[in-house]
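K.L.:
The structure follows.
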Amino acid sequence: MEERIGVFVCHCGSNIAGVVDVKRVAEELGKYPGVAYSTDYTYMCSDPGQTMVKEAIKEHNLSGVIVAACSPTLHEATFRRAGRAAGVNPYQVEIANIREQCSWVHQSDKEAATEKAIKIIKTMVEKARLDEALDPIAVPMTHKALVVGGGIAGIQAALDIANAGYETILVEKGPSIGGHMAQLSETFPTLDCSQCIMTPKMVEVAQHPRVKMMTYSEIEDVSGYVGNFKVKIRKKAAYLDRDICNGCGLCMEKCPAKTPSEFDEGLADRKAIYTPFPQAVPNKPVLDREHCLYFTNDGKCGVCKKICPVQCVDYEQEDEIIEDEVGAIVVATGYDLYPIENLGEYGGGKYPDVITSLQFERMLSASGPTEGEVKRPSDGKVPETVVFLTCCGSRDPEAHMPYCSKVCCMYLTKHAMLYKHKVHDGQAYVFYIDVRTAGKGYEEFYTRAAEEDDVLYLRGKVSKIFQEDGKVVVWGADTLSGKKVEIEADMAVLGLATVPNAAARELANMLKIHTDEWGFLAEAHPKLRPVESLAPGFYLAGAAQGPKDIPEAVAQASGAASKVAHLFAEEEYHREPIIAWIDEDTCAGCRVCVSVCPYDAAEFDDEKGIAVIKEAICEGCGACIAACPSASAQQRNLTDEQVYRMVSAALEG
Amino acid sequence: MRLTIKSEELRDDLIKRVEDLSRQGLLECYQCGKCSAGCPVVNEMDIIPSEVIRLLQIGQLDEALNSKTIWVCASCLQCASRCPKGVEFSNICDALRQMVLRKRLSIPRVDADEVSAIMVSDAPQMGVVGALRKLNG
Ligand SMILES: Cc1cc2nc3c(=O)[nH]c(=O)nc-3n(C[C@H](O)[C@H](O)[C@H](O)COP(=O)(O)OP(=O)(O)OC[C@H]3O[C@@H](n4cnc5c(N)ncnc54)[C@H](O)[C@@H]3O)c2cc1C
Ligand code: SF4
Ligand code: SF4
């Protein structure tokens, strides 16, 4: 059958038509062999434009469609849908990119740009001539999700997926879920107590019939592909049977070994057998082998084992590897604070009264090491003057991180305010470059701090802090009055930058998902696909993707969960059919393809003595096609024959 | 010179007095500079209006009192009508002038009876009213 191809040249307003002579292009293509219809229009992607394509398909009985417009990443899907609606197989609808690859880059030479546009379209006509009608490949799917990270983002994602009706595994590396939010005192901009809004959610997720919560566990390995991942989870030895433990806490009470508490940011000690905080979920301890006297001192302790009323302590316990299958993975591994030691000019890590923002949170927390009283670490004195420093390690492309950490302006404002609520005659200062309050109710919150709590905002970055006569002396500037200023403070709180969780990059490598140069997880599109990874089947939630406050982390988690539910709404997963296939008649069984395939999709069939491609796995990368010495491996709708014809069309004339 | 900011002096009685006399909250100003940008006599001032407020915010009352600015202000109320936070700088100027005048009574005052007829007819009305207000604190 003689093919009947339609060519639709888009002006893209003046984006294309301002450079390329679109009328001439449409006219030239109308004369090209196999083209049954050719036209141009201002905005092909608009409703009238798409209608024009659909009507032309019917009227001219078209067998294939070329839309000459912008990059296929933008509108290939749009026009394939339009084609299908009018009766053309979507894989016989092609985009010729005459914008990014032509009009935008050749604005100074309209004549040459027009010639090039004609050639680009001709090559696509040559491709379309041999395009086969294809159907998406249906693969079976496991309707179960894995959520990595049990902070507020991971908890929300797990709850939403489970409530949508799907089994979910929630994996947290620490002994309890909760993440950083569990450490916070009160939360901006409403000042509700973090624990009060957090703990009910922690309990809800732990008790959800469709959630399998695994704390003190880490991802060991992930293989497979969207819809069909195989995961191995390492359940770390807690040296006690947490299923039997009744959480009585006797062991923690009697344990003689102490070490600084991570949860209290080193402001208090914990035992070697411990729960990180009293409201931990699960409220069952783990034994930290590194600090346990039984392990470090030749078995000379064993108090916990002796005292445990249900005898669940087991020093012989080993890590366990648990295997499972899931269809989608949400990564919600959160953040860490930038190390305070990196801020040498502020005496970070050296002066006891120069502390991190999370330490100050613990100090403000009613259940924290000081029971909510503000006391400086060096001598326990209530500080009368406290200086808060924004942008510590943020917005500093020279020495630290170039990006804005987004939450510190707000939490330092909260800190200054809560400090004033506790120490009425104290004075709080905030040094800032800009006070960033972009959020609902945030500007009002900041105004309250400045006007009602007399917090003095000084516009400038602190240059150094030094200790003198029991004070920390802060040298800064107030650029608004043009003065260098000095403040003799009792304590300084550093608003340290938000950085990705230390283990996140390693995990991202294992999962083969992208990160940005700082290690934050990369989204598929910064505006239109902010909760998905480019790697199919992976979704992102919370501060792991970039600095975020709680409402944003929760919103992103719900977004990721709805994407998972969307994926699971179908029985099977449908993949693009643009993959490799092997010509059984010519394949010599040399197995080169099997050795080059990065996805293990090429397999040797012993019975037939030739290679076969597993359709569910092949990503269509083309490695085997380039490697096959007998040209038996071919890409669907991009065969050697098609490529040859396309190159010929491009070189002609 | 490095300025040492002392917490106890930040909001001391005299600064609070400026707030009382002017009925303006000094901390409400967020230093956008719109008052300075619109002021018609700003070129004659040594310290721009927003910076005078800044000095008061960081406890530097003397510097504000010694500025030429407070005497240059024509009380046209441009700043007050445009401030996004509702701060009336003109009132703050009034308050500062009053504080200077009440302290230094030796400064020659304008006697309404001695203002010549020519001055009354030739000078802009606002100028005469302003002179009387400022110099008779
Ligand atoms: C001092 C301070 C004060 C703040 N105050 C406020 C406030 O008042 N209001 C507000 O809205 N926001 C506030 N924030 C921001 C808030 O902390 C974050 O928005 C929120 O905690 C982000 O949640 P998350 O779940 O994304 O990350 P996290 O809370 O960091 O949780 C991540 C979890 O994942 C786990 N994890 C990491 N890697 C792995 C792995 N490989 N395997 C398994 N588990 C892993 C971690 O152990 C952790 O439990 C504040 C932040 C700071 C620093
Ligand atoms: S949120 Fe504020 S303090 Fe934090 S980096 Fe951005 S500008 Fe600096
Ligand atoms: S216009 Fe108002 S807020 Fe802006 S600097 Fe002047 S007084 Fe302050």
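Ordered as shown in the structure tokens, chains take letters A, B, and onward, while each chain numbers its residues from 1 and ligands are numbered from 1 in the order shown.
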Compile the contact shell of stretch 49-54 of chain B as a ChimeraX atom specification: residues with an atom at most 9 Å away, counting only C-alpha atoms, same-chain residues fewer than 6 positions apart removed.

P.N.:
/A:480-481 /B:26-27,29,31-37,39,42,60-61,63-64,67,69-70,73,79,89-90,92-93

K.L.:
Please produce an output containing C-alpha atoms for each residue in the selection, written as a JSON list (two decimals), in the first residue's frame.

P.N.:
[["chain", "number", "residue", "atom", "x", "y", "z"],
["A", 480, "LEU", "CA", 20.90, 49.64, 57.03],
["A", 481, "SER", "CA", 22.65, 52.19, 59.20],
["B", 26, "LEU", "CA", 9.61, 52.25, 65.72],
["B", 27, "LEU", "CA", 9.87, 48.49, 65.29],
["B", 29, "CYS", "CA", 9.30, 50.04, 60.18],
["B", 31, "GLN", "CA", 13.29, 49.57, 56.29],
["B", 32, "CYS", "CA", 11.88, 49.53, 52.78],
["B", 33, "GLY", "CA", 12.96, 53.13, 52.23],
["B", 34, "LYS", "CA", 9.78, 54.33, 50.56],
["B", 35, "CYS", "CA", 9.62, 57.37, 52.87],
["B", 36, "SER", "CA", 13.11, 58.41, 51.84],
["B", 37, "ALA", "CA", 12.45, 57.75, 48.19],
["B", 39, "CYS", "CA", 10.59, 62.84, 50.37],
["B", 42, "VAL", "CA", 15.62, 64.55, 50.99],
["B", 60, "GLN", "CA", 21.32, 55.46, 68.51],
["B", 61, "LEU", "CA", 19.12, 58.34, 69.68],
["B", 63, "GLU", "CA", 22.85, 60.55, 66.29],
["B", 64, "ALA", "CA", 19.24, 61.02, 65.27],
["B", 67, "SER", "CA", 20.96, 65.21, 62.45],
["B", 69, "THR", "CA", 17.29, 65.98, 58.79],
["B", 70, "ILE", "CA", 14.84, 66.63, 61.57],
["B", 73, "CYS", "CA", 11.66, 67.94, 57.22],
["B", 79, "CYS", "CA", 6.23, 59.82, 53.94],
["B", 89, "PHE", "CA", 8.04, 59.57, 59.86],
["B", 90, "SER", "CA", 6.88, 63.17, 59.95],
["B", 92, "ILE", "CA", 8.78, 60.96, 64.49],
["B", 93, "CYS", "CA", 10.57, 64.12, 63.26]]

K.L.:
Extract the full set of strand (DSSP E or B) residues from chain B according to DSSP on the backbone, and format it as an MDAnalysis selection string.

P.N.:
chainID B and resid 2:5

K.L.:
Just the helix (DSSP H, G or I) stuff from chain B, please, per backbone DSSP, written as a PyMOL selection string.

P.N.:
chain B and resi 7-10+13-22+26-28+34-38+42-44+49-57+61-65+69-72+78-82+89-103+112-114+117-122+125-135

K.L.:
Could you list, as a ChimeraX atom specification, all the residues within 7 Å of ligand 1, counting only C-alpha atoms and all ligand atoms?

P.N.:
/A:148-154,171-174,177-181,184,186-189,217-219,332-337,357-358,361,407-408,411,414,498,501,503-504,507,541-544,548-551,553

K.L.:
Residues near stretch 5-13 of chain B, anyone? I mean within 12 Å using only C-alpha atoms, not counting same-chain ones fewer than 6 positions away, as a ChimeraX atom specification.

P.N.:
/A:384-387,425-429,453-456,458,473-478,483-490 /B:19-21,25-27,54-61
